[in-house]
Structures are given as C-alpha cells and as structure tokens.
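**Student:** My file is input.cif. It has mmCIF, C-alpha atoms and all ligand atoms:
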```
data_protein
loop_
_atom_site.label_atom_id
_atom_site.label_comp_id
_atom_site.auth_asym_id
_atom_site.auth_seq_id
_atom_site.Cartn_x
_atom_site.Cartn_y
_atom_site.Cartn_z
CA ASN A 1 -56.85 48.32 44.69
CA GLN A 2 -57.97 48.96 41.11
CA VAL A 3 -56.89 45.61 39.65
CA LYS A 4 -59.67 43.18 40.56
CA GLU A 5 -59.22 40.09 38.44
CA GLY A 6 -57.59 38.75 35.32
CA THR A 7 -55.53 36.01 33.75
CA PHE A 8 -52.01 35.59 32.38
CA SER A 9 -50.46 32.68 30.51
CA TRP A 10 -46.76 32.02 30.13
CA SER A 11 -44.64 29.26 28.76
CA SER A 12 -41.21 28.75 30.33
CA PRO A 13 -38.51 26.38 29.11
CA SER A 14 -36.32 23.96 30.96
CA ASN A 15 -32.57 24.53 30.81
CA ILE A 16 -29.50 22.33 30.80
CA ALA A 17 -26.45 23.36 32.83
CA LEU A 18 -23.01 23.02 31.24
CA VAL A 19 -21.22 24.23 34.37
CA LYS A 20 -23.28 22.75 37.18
CA TYR A 21 -24.80 24.33 40.27
CA TRP A 22 -24.45 21.88 43.15
CA GLY A 23 -24.39 23.22 46.69
CA LYS A 24 -26.10 26.28 48.10
CA LYS A 25 -26.01 28.74 50.98
CA GLU A 26 -28.90 30.39 52.85
CA ASN A 27 -31.74 31.91 50.78
CA GLN A 28 -31.04 29.95 47.63
CA ILE A 29 -27.63 31.56 47.10
CA PRO A 30 -25.49 29.23 44.96
CA ALA A 31 -22.17 27.97 46.32
CA ASN A 32 -20.69 28.36 42.82
CA PRO A 33 -21.61 30.04 39.54
CA SER A 34 -23.25 28.02 36.75
CA LEU A 35 -24.05 28.43 33.06
CA SER A 36 -26.83 26.82 31.04
CA PHE A 37 -28.35 26.55 27.60
CA THR A 38 -32.03 27.44 27.60
CA LEU A 39 -34.07 24.71 25.90
CA ASN A 40 -36.74 25.16 23.24
CA ASN A 41 -39.20 22.24 23.39
CA CYS A 42 -39.28 21.12 27.03
CA LYS A 43 -41.60 23.68 28.53
CA THR A 44 -44.13 24.31 31.26
CA GLU A 45 -47.23 26.29 30.30
CA THR A 46 -48.93 27.98 33.21
CA THR A 47 -52.09 30.06 33.34
CA LEU A 48 -52.47 32.21 36.42
CA SER A 49 -55.90 33.62 37.24
CA TYR A 50 -56.15 36.15 40.05
CA SER A 51 -59.07 37.74 41.84
CA ALA A 52 -58.91 40.36 44.57
CA LYS A 53 -60.14 39.25 48.00
CA ALA A 54 -60.98 41.12 51.19
CA ASP A 55 -59.04 39.05 53.71
CA LYS A 56 -55.23 38.91 53.75
CA GLY A 57 -53.17 35.75 53.24
CA ILE A 58 -51.73 33.30 50.73
CA SER A 59 -54.53 31.51 48.90
CA PHE A 60 -54.49 29.44 45.72
CA ASP A 61 -55.85 26.41 43.88
CA LEU A 62 -53.60 24.26 41.76
CA LEU A 63 -54.55 22.35 38.62
CA PHE A 64 -52.17 20.10 36.74
CA GLU A 65 -53.41 19.36 33.22
CA GLY A 66 -56.82 20.57 34.34
CA GLN A 67 -57.04 18.25 37.39
CA SER A 68 -56.63 19.32 41.00
CA LYS A 69 -53.17 18.27 42.22
CA GLU A 70 -52.71 18.30 45.99
CA GLU A 71 -49.18 16.84 46.06
CA PHE A 72 -47.68 19.81 44.18
CA LYS A 73 -49.27 22.35 46.53
CA PRO A 74 -46.62 22.43 49.31
CA LYS A 75 -43.93 23.52 46.81
CA ILE A 76 -46.09 26.36 45.53
CA GLN A 77 -47.08 27.32 49.10
CA LYS A 78 -43.39 27.56 49.99
CA PHE A 79 -42.71 29.59 46.84
CA PHE A 80 -45.45 32.09 47.77
CA GLU A 81 -44.15 32.31 51.35
CA ARG A 82 -40.61 33.00 50.16
CA ILE A 83 -41.59 35.68 47.62
CA LEU A 84 -44.12 37.45 49.91
CA LYS A 85 -41.45 39.80 51.26
CA TYR A 86 -40.70 40.97 47.70
CA CYS A 87 -44.29 40.81 46.38
CA PRO A 88 -46.55 41.88 49.28
CA TYR A 89 -49.50 42.33 46.90
CA ILE A 90 -49.92 38.55 46.48
CA GLU A 91 -51.67 38.41 49.87
CA TYR A 92 -54.59 40.38 48.46
CA TYR A 93 -55.45 37.92 45.69
CA HIS A 94 -56.74 34.41 45.34
CA PHE A 95 -54.90 32.56 42.57
CA THR A 96 -55.87 29.65 40.37
CA ILE A 97 -52.81 28.08 38.79
CA ASP A 98 -53.38 25.80 35.81
CA THR A 99 -50.18 24.19 34.62
CA LYS A 100 -49.00 21.57 32.15
CA ASN A 101 -45.73 20.36 30.66
CA THR A 102 -44.99 19.83 26.98
CA PHE A 103 -42.77 16.87 27.84
CA PRO A 104 -44.24 13.52 28.95
CA HIS A 105 -45.43 13.38 32.54
CA SER A 106 -42.97 11.67 34.93
CA SER A 107 -40.33 11.39 32.23
CA GLY A 108 -37.63 11.96 34.80
CA ILE A 109 -37.17 15.44 33.37
CA ALA A 110 -37.28 17.84 36.25
CA SER A 111 -40.08 20.32 35.74
CA SER A 112 -39.04 22.44 38.72
CA ALA A 113 -36.94 24.83 36.61
CA SER A 114 -39.57 25.44 33.93
CA GLY A 115 -42.43 25.28 36.45
CA MET A 116 -41.01 27.81 38.89
CA ALA A 117 -39.90 30.09 36.06
CA ALA A 118 -43.46 30.07 34.67
CA MET A 119 -44.83 30.95 38.13
CA ALA A 120 -42.35 33.81 38.49
CA VAL A 121 -43.10 35.46 35.13
CA ASN A 122 -46.85 35.19 35.78
CA ILE A 123 -46.45 36.91 39.17
CA MET A 124 -44.34 39.60 37.50
CA SER A 125 -47.09 40.15 34.92
CA LEU A 126 -49.43 40.93 37.82
CA GLU A 127 -46.82 43.24 39.35
CA ARG A 128 -46.47 45.02 36.01
CA LYS A 129 -50.22 45.47 35.91
CA LEU A 130 -50.02 47.14 39.33
CA ASN A 131 -46.95 49.19 38.35
CA VAL A 132 -47.16 50.04 34.66
CA ASP A 133 -43.83 51.89 34.55
CA MET A 134 -41.73 48.76 34.96
CA THR A 135 -38.82 48.29 32.50
CA GLU A 136 -38.19 45.02 30.62
CA ASP A 137 -34.88 44.60 32.44
CA TYR A 138 -36.50 45.00 35.83
CA PHE A 139 -39.19 42.49 34.85
CA ASP A 140 -36.63 39.88 33.75
CA GLN A 141 -34.31 40.39 36.70
CA LYS A 142 -37.01 40.25 39.32
CA ALA A 143 -38.70 37.28 37.59
CA SER A 144 -35.38 35.43 37.72
CA PHE A 145 -34.86 36.51 41.35
CA LEU A 146 -38.30 35.13 42.29
CA ALA A 147 -37.80 31.94 40.27
CA ARG A 148 -34.54 31.35 42.15
CA LEU A 149 -36.48 31.33 45.42
CA GLY A 150 -38.70 28.57 43.99
CA SER A 151 -35.89 26.40 42.60
CA GLY A 152 -32.32 27.57 42.07
CA SER A 153 -31.88 26.47 38.48
CA ALA A 154 -35.27 28.03 37.57
CA CYS A 155 -33.62 31.47 37.60
CA ARG A 156 -31.85 30.42 34.37
CA SER A 157 -35.17 29.82 32.56
CA ILE A 158 -36.48 33.39 32.20
CA THR A 159 -34.44 34.59 29.23
CA GLY A 160 -32.34 32.76 26.64
CA SER A 161 -30.21 31.36 25.16
CA VAL A 162 -27.09 31.18 27.33
CA VAL A 163 -27.58 32.19 30.96
CA VAL A 164 -25.12 32.65 33.83
CA TRP A 165 -26.18 32.52 37.46
CA GLY A 166 -23.73 33.26 40.24
CA GLU A 167 -21.08 35.92 40.64
CA GLN A 168 -17.98 35.23 38.59
CA ARG A 169 -15.25 37.82 38.03
CA ASP A 170 -14.88 37.08 34.30
CA ILE A 171 -18.59 37.56 33.59
CA PRO A 172 -19.58 41.24 33.98
CA GLY A 173 -22.97 41.72 35.62
CA SER A 174 -23.12 38.17 36.99
CA THR A 175 -24.76 37.89 40.39
CA ASP A 176 -25.85 35.27 42.91
CA LEU A 177 -29.32 36.84 43.02
CA TYR A 178 -30.58 36.13 39.49
CA GLY A 179 -29.58 34.77 36.10
CA VAL A 180 -28.17 37.10 33.42
CA ASN A 181 -27.72 36.60 29.71
CA PHE A 182 -24.16 35.64 28.78
CA PRO A 183 -22.80 39.12 28.03
CA PHE A 184 -20.61 38.21 25.02
CA GLU A 185 -21.27 37.27 21.42
CA VAL A 186 -21.53 33.47 21.25
CA HIS A 187 -19.80 31.75 18.31
CA PRO A 188 -22.31 30.84 15.54
CA ILE A 189 -21.54 27.11 15.93
CA PHE A 190 -23.63 27.23 19.15
CA LYS A 191 -26.69 28.78 17.47
CA GLY A 192 -29.46 26.16 17.48
CA TYR A 193 -27.14 23.70 19.25
CA CYS A 194 -28.99 20.41 19.63
CA ASP A 195 -29.80 18.53 22.84
CA THR A 196 -31.45 15.13 22.56
CA ILE A 197 -32.64 13.98 25.98
CA LEU A 198 -32.49 10.21 26.39
CA LEU A 199 -35.09 9.04 28.91
CA VAL A 200 -33.14 6.29 30.62
CA ASP A 201 -35.11 6.21 33.84
CA LYS A 202 -38.48 7.84 34.11
CA GLY A 203 -38.97 7.01 37.78
CA GLU A 204 -39.07 9.45 40.66
CA LYS A 205 -35.68 10.76 41.67
CA LYS A 206 -34.29 8.78 44.62
CA VAL A 207 -32.52 11.84 45.99
CA SER A 208 -34.12 15.27 45.73
CA SER A 209 -31.84 18.09 44.61
CA THR A 210 -32.52 19.80 47.97
CA VAL A 211 -30.94 16.84 49.78
CA GLY A 212 -28.11 16.75 47.22
CA HIS A 213 -27.28 20.43 47.66
CA ASP A 214 -27.27 19.98 51.45
CA LEU A 215 -24.77 17.15 51.21
CA MET A 216 -22.22 19.66 49.84
CA HIS A 217 -22.02 21.07 53.38
CA ASN A 218 -19.13 19.24 55.04
CA HIS A 219 -18.34 17.48 51.78
CA PRO A 220 -14.62 16.60 51.68
CA TYR A 221 -14.15 18.02 48.15
CA ALA A 222 -16.59 20.95 48.30
CA ALA A 223 -14.03 23.77 48.43
CA GLN A 224 -12.06 22.41 45.46
CA ARG A 225 -15.25 21.80 43.50
CA PHE A 226 -16.53 25.36 44.01
CA GLU A 227 -13.14 26.71 42.93
CA GLN A 228 -13.15 24.43 39.87
CA ALA A 229 -16.60 25.71 38.82
CA HIS A 230 -15.22 29.26 38.76
CA GLU A 231 -12.27 28.13 36.63
CA ASN A 232 -14.47 26.09 34.30
CA LEU A 233 -16.82 29.00 33.79
CA ALA A 234 -13.90 31.25 32.84
CA ARG A 235 -12.70 28.58 30.37
CA LEU A 236 -16.21 28.03 29.00
CA LYS A 237 -16.60 31.76 28.40
CA LYS A 238 -13.61 31.63 26.03
CA ILE A 239 -14.84 28.41 24.39
CA LEU A 240 -18.30 29.87 23.73
CA ILE A 241 -16.80 32.99 22.19
CA GLU A 242 -14.21 31.16 20.08
CA GLY A 243 -16.28 28.10 19.16
CA ASN A 244 -13.63 25.53 20.14
CA LEU A 245 -15.71 22.33 20.12
CA THR A 246 -12.90 19.98 21.19
CA GLU A 247 -12.51 21.98 24.39
CA PHE A 248 -16.28 22.31 24.74
CA VAL A 249 -16.73 18.53 24.71
CA ALA A 250 -14.02 17.96 27.31
CA LEU A 251 -15.26 20.64 29.67
CA VAL A 252 -18.96 19.72 29.46
CA GLU A 253 -18.41 15.98 30.01
CA SER A 254 -16.00 16.64 32.87
CA GLU A 255 -18.58 18.91 34.56
CA ALA A 256 -21.27 16.20 34.26
CA LEU A 257 -19.05 13.50 35.74
CA THR A 258 -17.86 15.84 38.49
CA LEU A 259 -21.48 16.48 39.51
CA HIS A 260 -22.00 12.73 39.85
CA ALA A 261 -18.62 12.31 41.55
CA MET A 262 -19.82 14.76 44.22
CA MET A 263 -22.86 12.55 44.82
CA MET A 264 -20.73 9.41 44.98
CA THR A 265 -18.35 10.97 47.50
CA SER A 266 -20.90 12.59 49.83
CA MET A 267 -22.04 10.98 53.08
CA PRO A 268 -24.47 9.36 52.61
CA TYR A 269 -23.24 8.50 49.09
CA PHE A 270 -25.43 7.64 46.14
CA ILE A 271 -25.32 6.75 42.46
CA LEU A 272 -27.96 8.24 40.20
CA MET A 273 -26.58 6.83 36.95
CA LYS A 274 -27.99 3.51 35.73
CA SER A 275 -26.08 0.88 33.78
CA ASN A 276 -27.81 2.16 30.64
CA THR A 277 -26.43 5.63 31.38
CA LEU A 278 -22.90 4.18 31.21
CA GLN A 279 -23.68 2.14 28.09
CA ILE A 280 -24.83 5.33 26.37
CA ILE A 281 -21.69 7.21 27.44
CA GLU A 282 -19.49 4.46 26.01
CA LYS A 283 -21.44 4.47 22.74
CA ILE A 284 -21.05 8.25 22.47
CA TRP A 285 -17.31 7.99 23.05
CA ALA A 286 -16.95 5.26 20.42
CA PHE A 287 -19.02 7.26 17.91
CA ARG A 288 -16.92 10.38 18.52
CA GLU A 289 -13.71 8.39 18.12
CA LYS A 290 -14.93 6.89 14.84
CA THR A 291 -16.51 9.95 13.22
CA SER A 292 -14.65 12.91 14.80
CA ILE A 293 -18.06 14.57 15.24
CA ASN A 294 -18.11 16.71 18.38
CA VAL A 295 -21.04 15.03 20.05
CA CYS A 296 -20.90 14.91 23.85
CA PHE A 297 -23.10 14.19 26.84
CA THR A 298 -24.14 15.95 29.99
CA LEU A 299 -26.19 14.75 32.95
CA ASP A 300 -28.58 16.27 35.46
CA ALA A 301 -29.08 14.87 38.95
CA GLY A 302 -30.52 11.69 37.46
CA ALA A 303 -29.96 8.82 35.02
CA ASN A 304 -31.12 10.57 31.82
CA VAL A 305 -28.49 11.61 29.31
CA HIS A 306 -28.47 14.88 27.36
CA VAL A 307 -26.68 14.39 24.03
CA LEU A 308 -25.28 17.70 22.74
CA TYR A 309 -24.19 18.33 19.13
CA PRO A 310 -23.97 21.10 16.51
CA GLU A 311 -27.01 21.70 14.31
CA GLY A 312 -24.91 20.96 11.21
CA ASP A 313 -24.38 17.35 12.37
CA LYS A 314 -28.05 16.84 13.22
CA ASP A 315 -29.03 14.27 10.58
CA PHE A 316 -26.00 12.09 11.14
CA VAL A 317 -26.13 12.21 14.95
CA GLN A 318 -29.89 11.67 15.09
CA THR A 319 -29.54 8.55 12.94
CA PHE A 320 -26.91 7.29 15.41
CA ILE A 321 -29.22 8.07 18.34
CA ARG A 322 -32.14 6.24 16.72
CA GLN A 323 -30.08 3.21 15.72
CA GLU A 324 -27.72 2.84 18.67
CA LEU A 325 -28.85 4.83 21.73
CA ALA A 326 -32.66 4.56 21.72
CA GLN A 327 -32.43 0.90 22.83
CA PHE A 328 -31.07 2.06 26.23
CA CYS A 329 -34.06 4.36 26.87
CA GLN A 330 -37.25 3.34 28.66
CA ASN A 331 -39.71 2.44 25.89
CA GLU A 332 -37.07 3.76 23.47
CA GLN A 333 -38.21 7.27 24.40
CA TYR A 334 -36.17 10.41 23.82
CA ILE A 335 -36.84 14.09 23.15
CA ASP A 336 -35.12 16.12 20.45
CA ASP A 337 -34.54 19.62 21.72
CA LYS A 338 -32.24 22.55 20.99
CA VAL A 339 -31.15 25.89 22.37
CA GLY A 340 -34.13 28.23 22.71
CA PHE A 341 -35.05 31.75 23.69
CA GLY A 342 -36.59 31.81 27.17
CA SER A 343 -40.03 32.45 28.64
CA GLU A 344 -42.82 33.69 26.38
CA ILE A 345 -46.22 35.13 27.08
CA ILE A 346 -48.95 33.04 25.44
O1 LIG A 401 -32.55 23.87 40.87
P1 LIG A 401 -32.30 22.64 41.69
O2 LIG A 401 -32.21 22.93 43.15
O3 LIG A 401 -33.24 21.54 41.36
O4 LIG A 401 -30.81 22.09 41.32
C1 LIG A 401 -30.48 21.65 40.06
C2 LIG A 401 -29.08 21.16 40.03
C3 LIG A 401 -28.61 20.52 38.73
O5 LIG A 401 -29.66 20.38 37.81
C4 LIG A 401 -28.04 19.16 39.03
C5 LIG A 401 -27.50 21.36 38.10
C6 LIG A 401 -27.90 22.66 37.48
O6 LIG A 401 -27.08 23.60 37.53
O7 LIG A 401 -29.00 22.75 36.90
#
```
Taking this structure as input, can you express it in the form of structure tokens?
Ligand code: PMV

**Tutor:**
Amino acid sequence: NQVKEGTFSWSSPSNIALVKYWGKKENQIPANPSLSFTLNNCKTETTLSYSAKADKGISFDLLFEGQSKEEFKPKIQKFFERILKYCPYIEYYHFTIDTKNTFPHSSGIASSASGMAAMAVNIMSLERKLNVDMTEDYFDQKASFLARLGSGSACRSITGSVVVWGEQRDIPGSTDLYGVNFPFEVHPIFKGYCDTILLVDKGEKKVSSTVGHDLMHNHPYAAQRFEQAHENLARLKKILIEGNLTEFVALVESEALTLHAMMMTSMPYFILMKSNTLQIIEKIWAFREKTSINVCFTLDAGANVHVLYPEGDKDFVQTFIRQELAQFCQNEQYIDDKVGFGSEII
C-alpha cells in the first residue's frame, strides 16, 4: 500500500426534513421517502488522520473538541463495522478522528446527521486517494450511502440544498440507498430560505431515534403514514417548483405534527414536545394570521422548533422571534440558519 499517512478535514451541515423519515427496514433502508433542506450554519467539522498499520482490524481514537471522548466511540465503532464491507481498506489504517460542532454542545440539536456525514466524506477522501480515477458523482453517492449506514438522515447532508432520500416514483433517480439532489429547478422564493432553530429543551433526548423508528413496526397507522409520505413528497415537489407558500406552510406543519402523532400513538407512547413547544406554535399561528407572512414551523424528534420563512421576510420575522418567541427558549437561546450547500472540504 503506497498511501501511508495523511489528514483530511471536512465540514458537514445538519439538515431539516420537510417530509419526515420515520420508520426503517433492515440495513438502514427507509420505510418512506423524505426530503430535506440542507442547513448552512449548524455544522460538524471533522479532521480524520490516518496511518497505515501492519495488523488488520478496526482501530481509531476519538477526540471531541480536542478531548478524548469515550462515550461517542461505540457509534463510530458500529459505523466502521457497517461500512467495512464497502470500504475494506479501512482495516489497514489507524484513524484519529477530531471532531467539533459549530452549534452549542448539548443544544438538543442532533449532531448525528452532520457528524456521520462528516465521517463519510472523510472516508471517501481516503478512498479517492487510493483510487484517483473516482468521479465526483461516485464520491457523493458513495459518501451518502456510507453516511446512511451511520445515521439515516445523515445521507441527506452530503450535498445541498434540497435532498431527497428514498425511492419515489415522481422523483427521477431517487433511491433508498443514498440521498440525491432534488432533480428540478426550485422556485427562487426558496433560495436562502431561513430556518431559526428555537432551543426549547437542550436536554438529552428521552427516546433515541433508533427506538422511535423501531416503534413503527406494528404501529397501527404505519401503512397509512408511509403512503401519506409518498403523496406529500409528490405534492411538495410541485410546491417547490411553483413556489406556492400557502401550500408549503400547510404541508410542512402537517408533516411535523404527523411525526409527533406517530410517537404519541406508538406502544409505548411518548410526547417529545414541551409546553413551550406548543406556546411557540400558537404564537406562530397568531403571527401568520395577523401579518399574512408565510412563516411556519417544523419539528425534529424533540422539543425544539424550527421556524421557516422566506429570506425577504427576514427582518420582520426575526424581530418577532426576538420579541415573542425567544422567551420560550432555554436561556433565550436560538440559532439563525438558512438553506446551505452541503459538505465542504476545509
Ligand atoms: O437519522 P435518524 O435515525 O436520527 O432519524 C431522524 C428522523 C427525523 O429527524 C425525526 C426525521 C428526518 O427525516 O430527519
């Protein structure tokens, strides 16, 4: 092996799903297709150092913000084990992974999407070093494929700005195996679309997404939900092309509440929203009613609220957020973000 040692650094963004992925089959295959906006400011920056070793096997050290971090190691170990079949060369290197997030630590923002995406693109940089003829498309597709094995939604954090994951008949090229760029021209109203993330509850998630996905097996409404996701994605495709914000708002909020409805109707059942989450939703609805500005919310598997609005309404909406919504956030903390462009080499 000619490639002895070296270092790569990548920054990978988080993403926010508009049509949600909730439920999966074997090998991280999604039960339904999803679509997300890639974010711009919430990122994980990971430096991967590799050095060739004589013995075979998975071997790595993990640093988080420069400090050794044992509790994150099992997730990375599992990631390496899952990708080994597709990247056999990793057994011949020892890795040092040095990673940090641009968003506040334990903010309740899941770093699994950005973190696993950053791991995947770093591994693909090594693969490209070993196989110099690789095309950009192959790099992106395989990076997304590998990221998926780390955390499903991570496969939507390789490229930007609108990414579809999961086979859907109205989206040419869509596949369960990796995320693809939305293959149509998006209406200009969605360029630089804003997402302010309100940090309602910064605590550890009570229910991991792995457990949540599993609860969709034998869920009484699973079949209808998976069917609905297909329909919503077809509708969203049209909305994104045409720029119909009234329909956008209705579809995005319905998807968020459906995700939480699935959690509330699983067995065991759970509620991840907090009372402040509901207060914020009511404030957003009142503001929209009063101003006719197309601001809406979406939710992840947690209590935090993503407030989505067009760039043109930024000043007005951000004043509203500061004056009326910040009070419902822990320590009045929120993050202004917007649609971004995907992973970048540093
Ligand atoms: O990637 P996971 O397994 O953490 O699942 C994420 C699921 C949601 O964030 C709730 C929805 C989505 O599509 O991102």

**Student:** From the set A:Ser151, A:Gln2, A:Thr319, A:Ser12, which residue has the shortest atom-to-atom contact distance to A:Asn131, counting all atoms listed in the file?

**Tutor:**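 Ranking A:Ser151, A:Gln2, A:Thr319, A:Ser12 by distance to A:Asn131, first place goes to A:Gln2.
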
**Student:** For A:Gln333, which residue among A:Ser266, A:Ser209, A:Asn304, A:Thr96 is the nearest when counting only C-alpha atoms?

**Tutor:**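 Selected residue with least distance to A:Gln333: A:Asn304.
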
**Student:** Write out as an MDAnalysis selection string the residues lying within 12 Å of A:Thr298, counting only C-alpha atoms and excluding same-chain residues fewer than 4 positions away.

**Tutor:** chainID A and resid 16:20 36:37 195:198 248:260 273 277:278 280:281 284 302:309

**Student:** Identify which of the residues A:Ser49, A:Thr265, A:Thr135, A:Ser153 lies closest to ligand LIG 401 (chain A), counting all atoms listed in the file when measuring atom-to-atom distances.

**Tutor:**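 Smallest distance to ligand LIG 401 (chain A) is found for A:Ser153.
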
**Student:** Can you work out the spacing between atom CA of A:Phe145 and atom CA of A:Lys206 in Å, to one decimal?

**Tutor:** 27.9 Å
